[in-house]
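Structure file structure-v5.csv (CSV, C-alpha atoms (C1' of nucleotides)) follows.
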```csv
chain,number,residue,atom,x,y,z
I,1,MET,CA,17.2,21.4,-32.3
I,2,SER,CA,17.1,25.0,-31.3
I,3,THR,CA,18.7,26.5,-28.2
I,4,ALA,CA,15.3,27.0,-26.7
I,5,GLU,CA,14.3,23.4,-27.3
I,6,GLU,CA,17.5,22.2,-25.7
I,7,LEU,CA,16.8,24.3,-22.7
I,8,ALA,CA,13.2,23.0,-22.4
I,9,ASP,CA,14.5,19.4,-22.4
I,10,ALA,CA,17.2,20.2,-19.8
I,11,VAL,CA,14.7,21.9,-17.5
I,12,VAL,CA,12.3,19.0,-17.7
I,13,SER,CA,14.9,16.5,-17.1
I,14,PHE,CA,16.3,18.4,-14.2
I,15,VAL,CA,12.9,18.8,-12.5
I,16,ARG,CA,12.1,15.1,-12.9
I,17,GLY,CA,15.6,14.0,-12.0
I,18,PHE,CA,15.7,16.2,-8.9
I,19,GLY,CA,12.3,14.9,-7.8
I,20,LEU,CA,10.4,18.2,-7.9
I,21,HIS,CA,7.4,16.5,-9.6
I,22,ARG,CA,6.4,15.1,-6.2
I,23,PRO,CA,4.8,17.9,-4.4
I,24,GLU,CA,4.2,15.9,-1.2
I,25,GLN,CA,7.9,15.3,-0.7
I,26,THR,CA,10.8,17.7,-0.8
I,27,PRO,CA,14.0,16.7,-2.7
I,28,CYS,CA,15.9,17.4,0.5
I,29,GLY,CA,13.9,15.0,2.6
I,30,PHE,CA,12.3,17.6,4.8
I,31,GLU,CA,9.2,16.5,6.8
I,32,THR,CA,6.7,18.6,4.9
I,33,GLY,CA,5.4,18.9,1.4
I,34,VAL,CA,7.2,21.2,-1.1
I,35,ALA,CA,4.7,24.1,-0.8
I,36,GLU,CA,4.9,24.2,3.0
I,37,ALA,CA,8.6,24.1,2.9
I,38,HIS,CA,8.7,27.0,0.6
I,39,ALA,CA,6.3,28.9,2.7
I,40,LEU,CA,8.3,28.2,5.8
I,41,SER,CA,11.5,29.4,4.2
I,42,GLU,CA,9.8,32.6,2.9
I,43,LEU,CA,8.7,33.3,6.5
I,44,ALA,CA,12.0,32.5,8.0
I,45,HIS,CA,13.3,36.1,8.0
I,46,VAL,CA,10.3,38.3,7.3
I,47,SER,CA,6.8,38.6,8.6
I,48,LEU,CA,4.4,38.6,5.6
I,49,ARG,CA,0.8,39.2,4.9
I,50,GLN,CA,-0.9,36.0,3.7
I,51,MET,CA,-1.5,37.5,0.2
I,52,GLU,CA,2.2,38.5,0.0
I,53,LEU,CA,3.1,34.9,0.7
I,54,GLY,CA,0.8,33.8,-2.1
I,55,ALA,CA,2.4,36.3,-4.5
I,56,ARG,CA,5.8,35.0,-3.7
I,57,LEU,CA,4.9,31.4,-4.1
I,58,GLY,CA,2.7,31.9,-7.1
I,59,LEU,CA,-0.3,30.3,-5.5
I,60,ALA,CA,-4.1,31.1,-5.3
I,61,LYS,CA,-5.3,32.6,-2.1
I,62,SER,CA,-7.3,29.5,-1.2
I,63,THR,CA,-4.2,27.3,-1.4
I,64,VAL,CA,-2.2,29.7,0.7
I,65,SER,CA,-4.9,29.7,3.3
I,66,ARG,CA,-4.7,25.9,3.6
I,67,ILE,CA,-0.9,25.9,3.7
I,68,VAL,CA,-0.9,28.4,6.4
I,69,THR,CA,-3.5,26.4,8.4
I,70,ASN,CA,-1.2,23.4,8.1
I,71,LEU,CA,1.8,25.5,9.4
I,72,VAL,CA,-0.3,26.8,12.3
I,73,GLU,CA,-1.5,23.3,13.2
I,74,ARG,CA,2.1,22.1,13.3
I,75,GLY,CA,2.8,24.9,15.7
I,76,TRP,CA,5.2,26.6,13.4
I,77,ALA,CA,3.3,29.8,12.4
I,78,ALA,CA,0.8,32.2,14.0
I,79,ARG,CA,-1.9,34.2,12.3
I,80,GLU,CA,-2.4,37.7,13.8
I,81,PRO,CA,-4.8,40.4,12.6
I,82,ALA,CA,-3.0,42.9,10.5
I,83,SER,CA,-2.6,46.1,12.4
I,84,ASP,CA,-3.3,48.3,9.4
I,85,ASP,CA,-6.1,46.4,7.7
I,86,GLY,CA,-9.0,44.7,9.4
I,87,ARG,CA,-9.3,42.1,6.7
I,88,GLY,CA,-5.7,41.0,6.6
I,89,VAL,CA,-3.7,38.4,8.4
I,90,ARG,CA,-0.1,38.8,9.4
I,91,LEU,CA,2.0,35.7,9.6
I,92,THR,CA,4.9,35.1,11.9
I,93,LEU,CA,6.9,32.0,12.8
I,94,THR,CA,6.8,30.7,16.3
I,95,HIS,CA,9.9,29.6,18.0
I,96,ALA,CA,9.3,26.1,16.9
I,97,GLY,CA,8.7,27.4,13.4
I,98,ARG,CA,12.1,29.2,13.4
I,99,ASP,CA,13.7,25.9,14.5
I,100,ALA,CA,12.0,24.1,11.7
I,101,ALA,CA,13.1,26.7,9.2
I,102,ASP,CA,16.7,26.3,10.4
I,103,ARG,CA,16.4,22.5,9.9
I,104,LEU,CA,14.9,23.0,6.5
I,105,SER,CA,17.7,25.4,5.5
I,106,GLU,CA,20.3,22.9,6.6
I,107,ALA,CA,18.7,20.0,4.9
I,108,ARG,CA,18.5,22.0,1.7
I,109,ARG,CA,22.1,23.1,2.0
I,110,GLN,CA,23.2,19.5,2.3
I,111,ARG,CA,21.1,18.4,-0.6
I,112,MET,CA,22.4,21.2,-2.8
I,113,GLU,CA,26.0,20.4,-1.8
I,114,ALA,CA,25.4,16.8,-2.9
I,115,LEU,CA,24.1,18.2,-6.2
I,116,LEU,CA,27.0,20.6,-6.6
I,117,GLU,CA,29.5,17.8,-6.0
I,118,GLN,CA,28.4,16.4,-9.3
I,119,VAL,CA,29.2,19.6,-11.0
I,120,PRO,CA,32.9,20.2,-12.1
I,121,ILE,CA,34.4,22.3,-9.3
I,122,ASP,CA,35.4,25.2,-11.6
I,123,ARG,CA,31.8,25.6,-12.8
I,124,ARG,CA,30.0,25.6,-9.5
I,125,SER,CA,29.8,29.4,-9.1
I,126,GLU,CA,28.6,29.6,-12.6
I,127,VAL,CA,25.7,27.3,-11.9
I,128,VAL,CA,24.5,29.5,-9.1
I,129,ASP,CA,25.0,32.6,-11.2
I,130,VAL,CA,23.0,31.2,-14.1
I,131,LEU,CA,20.2,30.0,-11.9
I,132,ARG,CA,19.8,33.5,-10.6
I,133,LEU,CA,19.6,34.7,-14.1
I,134,LEU,CA,16.9,32.2,-14.9
I,135,GLN,CA,15.0,33.1,-11.8
I,136,LYS,CA,14.9,36.7,-12.8
I,137,ALA,CA,14.0,35.8,-16.3
I,138,ALA,CA,11.1,33.7,-15.1
I,139,ASP,CA,9.8,36.5,-13.0
I,140,ALA,CA,10.1,38.9,-15.9
I,141,SER,CA,8.6,36.6,-18.6
I,142,ARG,CA,5.4,35.6,-16.8
I,143,PRO,CA,2.7,35.3,-19.5
I,144,ASP,CA,0.6,37.9,-17.5
I,145,GLY,CA,3.5,39.8,-16.1
I,146,THR,CA,4.8,43.3,-16.7
I,147,GLY,CA,7.8,42.0,-18.6
X,1,MET,CA,24.9,32.5,3.0
X,2,SER,CA,26.7,29.5,1.4
X,3,THR,CA,26.8,28.8,-2.3
X,4,ALA,CA,24.6,25.8,-1.8
X,5,GLU,CA,22.0,27.9,0.1
X,6,GLU,CA,22.0,30.5,-2.7
X,7,LEU,CA,21.5,27.8,-5.2
X,8,ALA,CA,18.6,26.4,-3.2
X,9,ASP,CA,16.9,29.8,-3.1
X,10,ALA,CA,17.4,30.3,-6.8
X,11,VAL,CA,16.0,26.9,-7.8
X,12,VAL,CA,13.0,27.4,-5.6
X,13,SER,CA,12.3,30.8,-7.0
X,14,PHE,CA,12.7,29.6,-10.6
X,15,VAL,CA,10.4,26.7,-10.1
X,16,ARG,CA,7.7,28.9,-8.6
X,17,GLY,CA,8.2,31.8,-10.9
X,18,PHE,CA,8.1,29.6,-14.0
X,19,GLY,CA,4.9,27.9,-12.8
X,20,LEU,CA,6.4,24.4,-12.5
X,21,HIS,CA,4.5,23.7,-9.4
X,22,ARG,CA,1.2,23.3,-11.2
X,23,PRO,CA,1.0,19.8,-12.5
X,24,GLU,CA,-2.3,20.2,-14.3
X,25,GLN,CA,-1.1,23.0,-16.5
X,26,THR,CA,2.1,23.2,-18.5
X,27,PRO,CA,4.1,26.4,-18.3
X,28,CYS,CA,3.9,26.5,-22.1
X,29,GLY,CA,0.1,26.3,-22.2
X,30,PHE,CA,-0.1,22.9,-23.9
X,31,GLU,CA,-3.4,21.1,-23.8
X,32,THR,CA,-2.5,18.3,-21.4
X,33,GLY,CA,-1.2,18.0,-17.9
X,34,VAL,CA,2.6,18.2,-17.3
X,35,ALA,CA,3.1,14.5,-16.9
X,36,GLU,CA,1.5,13.6,-20.2
X,37,ALA,CA,3.4,16.3,-21.9
X,38,HIS,CA,6.7,15.0,-20.6
X,39,ALA,CA,5.8,11.5,-21.7
X,40,LEU,CA,4.8,12.7,-25.1
X,41,SER,CA,8.0,14.5,-25.6
X,42,GLU,CA,10.1,11.5,-24.5
X,43,LEU,CA,8.3,9.3,-27.0
X,44,ALA,CA,8.6,11.9,-29.8
X,45,HIS,CA,11.8,10.5,-31.2
X,46,VAL,CA,12.3,7.0,-29.8
X,47,SER,CA,10.1,4.1,-29.1
X,48,LEU,CA,10.3,3.0,-25.5
X,49,ARG,CA,9.3,0.2,-23.2
X,50,GLN,CA,6.9,1.4,-20.6
X,51,MET,CA,9.4,0.8,-17.8
X,52,GLU,CA,12.0,2.8,-19.7
X,53,LEU,CA,9.6,5.7,-19.9
X,54,GLY,CA,9.1,5.4,-16.1
X,55,ALA,CA,12.8,5.5,-15.5
X,56,ARG,CA,13.2,8.6,-17.6
X,57,LEU,CA,10.3,10.4,-15.9
X,58,GLY,CA,11.1,9.2,-12.4
X,59,LEU,CA,7.7,7.7,-11.9
X,60,ALA,CA,6.3,4.5,-10.4
X,61,LYS,CA,5.1,1.9,-12.8
X,62,SER,CA,1.5,2.3,-11.8
X,63,THR,CA,1.6,6.0,-12.6
X,64,VAL,CA,3.3,5.4,-16.0
X,65,SER,CA,0.6,2.9,-16.8
X,66,ARG,CA,-2.1,5.5,-16.2
X,67,ILE,CA,-0.3,8.1,-18.2
X,68,VAL,CA,0.1,5.8,-21.1
X,69,THR,CA,-3.5,4.8,-20.9
X,70,ASN,CA,-4.4,8.5,-21.2
X,71,LEU,CA,-2.2,9.0,-24.2
X,72,VAL,CA,-3.7,5.9,-25.8
X,73,GLU,CA,-7.2,7.2,-25.2
X,74,ARG,CA,-6.3,10.5,-26.8
X,75,GLY,CA,-5.2,8.5,-29.8
X,76,TRP,CA,-1.6,9.7,-29.5
X,77,ALA,CA,0.1,6.5,-28.5
X,78,ALA,CA,-0.2,2.8,-29.1
X,79,ARG,CA,0.8,-0.2,-26.9
X,80,GLU,CA,2.3,-3.1,-28.7
X,81,PRO,CA,3.6,-6.3,-27.2
X,82,ALA,CA,7.4,-6.2,-26.9
X,83,SER,CA,8.9,-8.6,-29.4
X,84,ASP,CA,11.6,-9.9,-27.1
X,85,ASP,CA,9.7,-10.1,-23.8
X,86,GLY,CA,6.2,-11.4,-23.5
X,87,ARG,CA,5.5,-9.3,-20.4
X,88,GLY,CA,6.6,-6.1,-21.9
X,89,VAL,CA,4.9,-3.3,-23.7
X,90,ARG,CA,6.4,-1.2,-26.4
X,91,LEU,CA,5.2,2.3,-26.9
X,92,THR,CA,5.0,4.2,-30.1
X,93,LEU,CA,3.3,7.4,-31.1
X,94,THR,CA,0.5,7.4,-33.6
X,95,HIS,CA,0.5,9.9,-36.4
X,96,ALA,CA,-1.8,12.1,-34.3
X,97,GLY,CA,0.7,11.6,-31.5
X,98,ARG,CA,3.6,12.9,-33.6
X,99,ASP,CA,1.5,15.9,-34.6
X,100,ALA,CA,0.8,16.6,-30.9
X,101,ALA,CA,4.4,16.2,-30.0
X,102,ASP,CA,5.3,18.7,-32.7
X,103,ARG,CA,2.8,21.2,-31.4
X,104,LEU,CA,4.1,20.6,-27.9
X,105,SER,CA,7.7,21.1,-29.0
X,106,GLU,CA,6.7,24.3,-30.7
X,107,ALA,CA,4.8,25.6,-27.7
X,108,ARG,CA,7.7,24.9,-25.4
X,109,ARG,CA,10.2,26.5,-27.8
X,110,GLN,CA,8.1,29.7,-27.8
X,111,ARG,CA,7.8,29.7,-24.1
X,112,MET,CA,11.5,29.1,-23.7
X,113,GLU,CA,12.4,31.8,-26.1
X,114,ALA,CA,10.3,34.2,-24.1
X,115,LEU,CA,12.3,33.1,-21.1
X,116,LEU,CA,15.6,33.5,-22.9
X,117,GLU,CA,14.7,36.9,-24.1
X,118,GLN,CA,15.0,38.0,-20.5
X,119,VAL,CA,18.5,36.7,-20.3
X,120,PRO,CA,21.4,38.9,-21.5
X,121,ILE,CA,22.1,37.7,-25.1
X,122,ASP,CA,25.7,36.9,-24.5
X,123,ARG,CA,24.8,34.5,-21.7
X,124,ARG,CA,22.1,32.5,-23.3
X,125,SER,CA,24.2,29.6,-24.5
X,126,GLU,CA,25.8,29.5,-21.0
X,127,VAL,CA,22.3,29.1,-19.6
X,128,VAL,CA,21.6,26.0,-21.7
X,129,ASP,CA,25.0,24.6,-20.9
X,130,VAL,CA,24.6,25.0,-17.2
X,131,LEU,CA,21.1,23.5,-17.2
X,132,ARG,CA,22.5,20.4,-18.8
X,133,LEU,CA,25.2,20.3,-16.1
X,134,LEU,CA,22.5,20.5,-13.5
X,135,GLN,CA,20.4,17.8,-15.2
X,136,LYS,CA,23.4,15.4,-15.2
X,137,ALA,CA,24.2,16.3,-11.6
X,138,ALA,CA,20.6,15.6,-10.5
X,139,ASP,CA,20.7,12.2,-12.1
X,140,ALA,CA,24.0,11.4,-10.5
X,141,SER,CA,23.1,12.7,-7.1
X,142,ARG,CA,19.8,10.9,-6.5
X,143,PRO,CA,19.8,9.9,-2.9
X,144,ASP,CA,19.3,6.2,-3.9
X,145,GLY,CA,21.4,6.5,-7.1
X,146,THR,CA,24.7,5.2,-8.0
X,147,GLY,CA,26.4,8.5,-7.7
U,1,DC,C1',-23.3,59.7,5.5
U,2,DG,C1',-24.5,55.5,2.7
U,3,DC,C1',-24.3,52.5,-1.1
U,4,DA,C1',-21.4,50.3,-4.9
U,5,DT,C1',-17.4,48.2,-5.7
U,6,DG,C1',-13.0,46.1,-4.6
U,7,DT,C1',-9.8,43.2,-1.7
U,8,DA,C1',-8.2,39.6,2.0
U,9,DG,C1',-9.3,35.4,3.6
U,10,DT,C1',-12.1,30.9,4.3
U,11,DT,C1',-14.5,27.0,2.9
U,12,DG,C1',-16.6,23.7,-0.5
U,13,DT,C1',-16.0,21.2,-4.7
U,14,DA,C1',-13.6,19.3,-8.5
U,15,DT,C1',-9.5,17.7,-10.9
U,16,DA,C1',-4.9,16.0,-11.4
U,17,DT,C1',-0.9,13.6,-9.9
U,18,DT,C1',1.3,10.4,-7.4
U,19,DC,C1',2.4,6.1,-4.6
U,20,DG,C1',2.0,1.6,-2.5
U,21,DA,C1',-0.3,-2.8,-2.3
U,22,DA,C1',-2.5,-6.6,-4.4
U,23,DC,C1',-2.5,-9.1,-8.3
U,24,DC,C1',-1.4,-11.5,-13.0
U,25,DA,C1',1.6,-13.2,-16.6
U,26,DG,C1',5.8,-14.2,-18.4
U,27,DA,C1',11.0,-14.8,-17.5
U,28,DT,C1',14.9,-16.8,-15.0
U,29,DC,C1',17.4,-19.5,-12.2
U,30,DG,C1',18.2,-23.2,-9.0
Y,1,DC,C1',9.7,-27.9,-12.6
Y,2,DG,C1',9.0,-25.0,-8.6
Y,3,DA,C1',10.8,-20.5,-6.5
Y,4,DT,C1',11.6,-16.1,-7.3
Y,5,DC,C1',12.0,-12.0,-10.1
Y,6,DT,C1',10.2,-8.5,-13.4
Y,7,DG,C1',6.9,-5.7,-16.3
Y,8,DG,C1',2.2,-4.2,-16.2
Y,9,DT,C1',-2.5,-3.3,-14.5
Y,10,DT,C1',-6.0,-2.0,-11.3
Y,11,DC,C1',-7.5,-0.3,-6.9
Y,12,DG,C1',-7.5,2.7,-3.0
Y,13,DA,C1',-5.7,6.6,-0.6
Y,14,DA,C1',-3.2,10.8,0.1
Y,15,DT,C1',-2.0,15.6,-1.5
Y,16,DA,C1',-1.8,19.8,-4.0
Y,17,DT,C1',-4.0,22.9,-6.6
Y,18,DA,C1',-7.6,26.1,-8.7
Y,19,DC,C1',-12.1,28.2,-9.1
Y,20,DA,C1',-16.5,29.6,-7.2
Y,21,DA,C1',-19.3,31.2,-3.5
Y,22,DC,C1',-19.3,33.6,0.7
Y,23,DT,C1',-17.9,36.7,4.7
Y,24,DA,C1',-15.8,40.7,6.4
Y,25,DC,C1',-13.5,44.8,5.9
Y,26,DA,C1',-11.9,49.0,2.9
Y,27,DT,C1',-12.4,52.6,-0.4
Y,28,DG,C1',-14.5,55.8,-3.3
Y,29,DC,C1',-18.2,58.3,-5.1
Y,30,DG,C1',-22.4,60.7,-4.9
```
Before we go any further, please render this structure as structure tokens.
Amino acid sequence: MSTAEELADAVVSFVRGFGLHRPEQTPCGFETGVAEAHALSELAHVSLRQMELGARLGLAKSTVSRIVTNLVERGWAAREPASDDGRGVRLTLTHAGRDAADRLSEARRQRMEALLEQVPIDRRSEVVDVLRLLQKAADASRPDGTG
Amino acid sequence: MSTAEELADAVVSFVRGFGLHRPEQTPCGFETGVAEAHALSELAHVSLRQMELGARLGLAKSTVSRIVTNLVERGWAAREPASDDGRGVRLTLTHAGRDAADRLSEARRQRMEALLEQVPIDRRSEVVDVLRLLQKAADASRPDGTG
DNA sequence: CGCATGTAGTTGTATATTCGAACCAGATCG
DNA sequence: CGATCTGGTTCGAATATACAACTACATGCG
């Protein structure tokens, strides 16, 4: 089996084993679906335009619109008109939204620590390092991307 | 930011960037949904009981039953009664199923090679290695698991 | 200035994935 | 031999997602 095939198997097994195939439930047990959790954490530290959020999450604009509506209905985010573009929407978290983002961050940290505990201690920093490599590689190797 | 938090961000970005959040379309462009593709590749080299397949994919038995029905309808898999247990079903790929599994494997290999090309050459084997570590860690750290 | 074209966002529709519950048949254990 | 467990199937419901059609605003060209 080639290196690439081994990588494919490992990625698949990780995604399944980690529970990422269930979009309505986060692996860390947070109280939203995966997509909303990702949106929340993207918005935790910066205000974004709705389309920017979509680009970061790799989602169609219609899907983003619905996700944001959910966040707004939970009282976690607010839509404001974009100051520089009459079509646009600027997203910000409410106070409750920042609280939720903090809780999410903590839940993820705990879940990831449990994961890392199962990795030999002398290789943990390597894991993080390699995942960042992969993240960059995925961005650069999008079928339609510039890479 | 802690190591665990950095890992969380990297995992999220990778999953999104690689397109793993779209269950109806495989990142490698194969002609089925993600779940069927995973099942197909699990069955490529071993015959499994339906429940074993479910355990490997992390899916409920009802979901597995549906996926297998789809594979059977495509002419890729066959259900046979298990020889040692009258309740059980043994799954095997048909000839067409093995062909499909080969095509899938090749598509995934190409997709993964495109990904690996974006990783510095001297770190590629490390990437595979670490992903396997993570896969094992995910299995061992299931919230309800034995780990 | 005014129309053609492009872009941000919303809503409607369709498809895929998943789970849990209800149910059946065969196994296992007292 | 009856009670309970286990592997599978079917049904119903929830959720995420994309694409298409539409609105509103922006931009660029004559």
Just fit chain X onto chain I on all the Cα atoms, in order, by least squares, and give it as a short mmCIF file (atom, residue, chain, number, x, y, z; two decimals) with C-alpha atoms, in the coordinates of the input.
```
data_model
loop_
_atom_site.label_atom_id
_atom_site.label_comp_id
_atom_site.auth_asym_id
_atom_site.auth_seq_id
_atom_site.Cartn_x
_atom_site.Cartn_y
_atom_site.Cartn_z
CA MET X 1 17.68 21.70 -32.42
CA SER X 2 17.36 25.37 -31.32
CA THR X 3 18.83 26.79 -28.16
CA ALA X 4 15.39 27.21 -26.73
CA GLU X 5 14.53 23.53 -27.45
CA GLU X 6 17.77 22.41 -25.76
CA LEU X 7 16.94 24.50 -22.80
CA ALA X 8 13.47 22.99 -22.63
CA ASP X 9 14.89 19.46 -22.64
CA ALA X 10 17.40 20.34 -19.96
CA VAL X 11 14.86 21.94 -17.62
CA VAL X 12 12.54 19.01 -18.00
CA SER X 13 15.25 16.53 -17.29
CA PHE X 14 16.48 18.47 -14.24
CA VAL X 15 13.06 18.75 -12.79
CA ARG X 16 12.43 15.03 -13.15
CA GLY X 17 15.87 13.93 -12.20
CA PHE X 18 15.89 16.10 -9.07
CA GLY X 19 12.48 14.77 -8.01
CA LEU X 20 10.67 18.14 -8.21
CA HIS X 21 7.62 16.58 -9.62
CA ARG X 22 6.60 15.00 -6.34
CA PRO X 23 4.75 17.56 -4.34
CA GLU X 24 4.27 15.44 -1.25
CA GLN X 25 7.95 14.86 -0.72
CA THR X 26 10.75 17.40 -0.77
CA PRO X 27 13.87 16.54 -2.71
CA CYS X 28 15.79 17.23 0.50
CA GLY X 29 13.77 14.77 2.58
CA PHE X 30 12.20 17.36 4.89
CA GLU X 31 9.23 16.30 6.93
CA THR X 32 6.52 18.27 5.15
CA GLY X 33 5.17 18.55 1.67
CA VAL X 34 6.94 20.89 -0.83
CA ALA X 35 4.43 23.68 -0.55
CA GLU X 36 4.70 23.97 3.21
CA ALA X 37 8.40 23.83 2.99
CA HIS X 38 8.52 26.69 0.53
CA ALA X 39 6.21 28.72 2.72
CA LEU X 40 8.28 28.01 5.76
CA SER X 41 11.41 29.10 4.09
CA GLU X 42 9.84 32.35 2.81
CA LEU X 43 8.70 33.20 6.32
CA ALA X 44 12.09 32.29 7.86
CA HIS X 45 13.47 35.78 7.69
CA VAL X 46 10.59 38.19 7.11
CA SER X 47 7.11 38.50 8.35
CA LEU X 48 4.60 38.54 5.54
CA ARG X 49 0.97 39.23 4.82
CA GLN X 50 -0.76 36.14 3.63
CA MET X 51 -1.34 37.62 0.17
CA GLU X 52 2.34 38.49 -0.07
CA LEU X 53 3.22 34.89 0.65
CA GLY X 54 0.80 33.86 -2.16
CA ALA X 55 2.44 36.20 -4.58
CA ARG X 56 5.87 34.85 -3.79
CA LEU X 57 4.75 31.21 -4.12
CA GLY X 58 2.53 31.76 -7.13
CA LEU X 59 -0.49 30.33 -5.44
CA ALA X 60 -4.18 31.20 -5.20
CA LYS X 61 -5.35 32.72 -1.99
CA SER X 62 -7.42 29.73 -1.05
CA THR X 63 -4.41 27.45 -1.32
CA VAL X 64 -2.20 29.83 0.75
CA SER X 65 -4.89 29.87 3.39
CA ARG X 66 -4.78 26.09 3.67
CA ILE X 67 -1.04 26.02 3.78
CA VAL X 68 -0.93 28.55 6.51
CA THR X 69 -3.55 26.71 8.43
CA ASN X 70 -1.31 23.63 8.27
CA LEU X 71 1.70 25.51 9.49
CA VAL X 72 -0.37 26.97 12.31
CA GLU X 73 -1.57 23.53 13.32
CA ARG X 74 1.99 22.26 13.39
CA GLY X 75 2.72 25.10 15.77
CA TRP X 76 5.22 26.69 13.39
CA ALA X 77 3.37 29.82 12.44
CA ALA X 78 0.97 32.29 13.96
CA ARG X 79 -1.72 34.51 12.34
CA GLU X 80 -2.03 37.96 13.73
CA PRO X 81 -4.35 40.69 12.58
CA ALA X 82 -2.50 43.17 10.35
CA SER X 83 -2.10 46.44 12.20
CA ASP X 84 -2.81 48.65 9.22
CA ASP X 85 -5.61 46.70 7.53
CA GLY X 86 -8.45 45.11 9.39
CA ARG X 87 -8.95 42.46 6.70
CA GLY X 88 -5.41 41.38 6.62
CA VAL X 89 -3.42 38.71 8.32
CA ARG X 90 0.18 38.94 9.28
CA LEU X 91 2.24 35.83 9.48
CA THR X 92 5.10 35.15 11.77
CA LEU X 93 6.96 32.02 12.72
CA THR X 94 6.82 30.68 16.22
CA HIS X 95 9.99 29.62 17.94
CA ALA X 96 9.25 26.04 16.88
CA GLY X 97 8.74 27.44 13.40
CA ARG X 98 12.19 29.05 13.33
CA ASP X 99 13.70 25.78 14.53
CA ALA X 100 11.92 23.95 11.68
CA ALA X 101 13.02 26.49 9.18
CA ASP X 102 16.59 26.04 10.35
CA ARG X 103 16.37 22.29 9.98
CA LEU X 104 14.82 22.78 6.56
CA SER X 105 17.56 25.18 5.50
CA GLU X 106 20.13 22.69 6.66
CA ALA X 107 18.52 19.79 4.86
CA ARG X 108 18.32 21.73 1.64
CA ARG X 109 21.94 22.92 1.95
CA GLN X 110 23.07 19.28 2.28
CA ARG X 111 21.02 18.20 -0.62
CA MET X 112 22.28 21.07 -2.71
CA GLU X 113 25.84 20.41 -1.83
CA ALA X 114 25.39 16.84 -2.97
CA LEU X 115 24.10 18.27 -6.21
CA LEU X 116 26.99 20.69 -6.52
CA GLU X 117 29.49 18.03 -5.87
CA GLN X 118 28.55 16.63 -9.25
CA VAL X 119 29.33 19.89 -10.91
CA PRO X 120 32.94 20.67 -11.93
CA ILE X 121 34.33 22.82 -9.05
CA ASP X 122 35.30 25.71 -11.21
CA ARG X 123 31.74 26.07 -12.49
CA ARG X 124 29.81 25.96 -9.30
CA SER X 125 29.50 29.67 -8.71
CA GLU X 126 28.44 30.02 -12.40
CA VAL X 127 25.66 27.55 -11.66
CA VAL X 128 24.25 29.69 -8.83
CA ASP X 129 24.60 32.80 -10.92
CA VAL X 130 22.77 31.38 -13.85
CA LEU X 131 19.95 29.99 -11.70
CA ARG X 132 19.35 33.46 -10.37
CA LEU X 133 19.27 34.75 -13.96
CA LEU X 134 16.69 32.14 -14.76
CA GLN X 135 14.64 32.95 -11.64
CA LYS X 136 14.51 36.66 -12.62
CA ALA X 137 13.68 35.75 -16.21
CA ALA X 138 10.80 33.48 -15.10
CA ASP X 139 9.33 36.26 -13.03
CA ALA X 140 9.63 38.70 -15.86
CA SER X 141 8.32 36.39 -18.51
CA ARG X 142 5.09 35.21 -16.88
CA PRO X 143 2.55 35.05 -19.61
CA ASP X 144 0.26 37.47 -17.65
CA GLY X 145 3.18 39.47 -16.17
CA THR X 146 4.43 42.85 -16.82
CA GLY X 147 7.41 41.69 -18.72
#
```
When you draw a straight line from C1' of DT17 (chain U) to CA of His21 (chain I), how long is it in Å? 8.8 Å
Report as JSON lines: every residue of region 2-27 of chain U with an atom at most 10 Å from region 52-76 of chain X, its closest pair of atoms, and their distance in Å to one decimal, counting all atoms listed in the file, with rows sorted by chain and ascending residue number.
```
{"residue": "U:DT17", "atom": "C1'", "partner": "X:Thr63", "partner_atom": "CA", "distance": 8.4}
{"residue": "U:DT18", "atom": "C1'", "partner": "X:Thr63", "partner_atom": "CA", "distance": 6.8}
{"residue": "U:DC19", "atom": "C1'", "partner": "X:Ala60", "partner_atom": "CA", "distance": 7.2}
{"residue": "U:DG20", "atom": "C1'", "partner": "X:Ser62", "partner_atom": "CA", "distance": 9.3}
```
Contacts of region 1-6 of chain Y at 9 Å or less, counting only C-alpha atoms (C1' of nucleotides), minus same-chain residues fewer than 5 places along, as a list in words?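 Listed by chain and then number, they are Arg87 of chain X; DG26, DA27, DT28, DC29 and DG30 of chain U.
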Taking all atoms listed in the file into account, which of X:Ala10, X:Ala140, X:Ala35, X:Val128 comes nearest chain U?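 With all atoms listed in the file as the atom set, the closest residue is X:Ala35.
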Taking all atoms listed in the file into account, report as a PyMOL selection string which residues of chain I lie within 7 Å of chain X. chain I and resi 4-8+10-11+13-14+16-18+57-58+108-109+112-115+118-119+127-128+130-135+137-141
Which chain Y residues are at most 8 Å from chain X (counting only C-alpha atoms (C1' of nucleotides)), as a PyMOL selection string? chain Y and resi 7-9+17
To one decimal place in Å, what is the distance between C1' of DA4 (chain U) and CA of Asp84 (chain I)?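 If I compute the distance from C1' of DA4 (chain U) to CA of Asp84 (chain I), I get 23.2 Å.
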Sel. within 9 Å of pt (-5.0, -0.3, -4.5), counting all atoms listed in the file, output as a list in words: DG20, DA21 and DA22 of chain U; DT10, DC11, DG12 and DA13 of chain Y
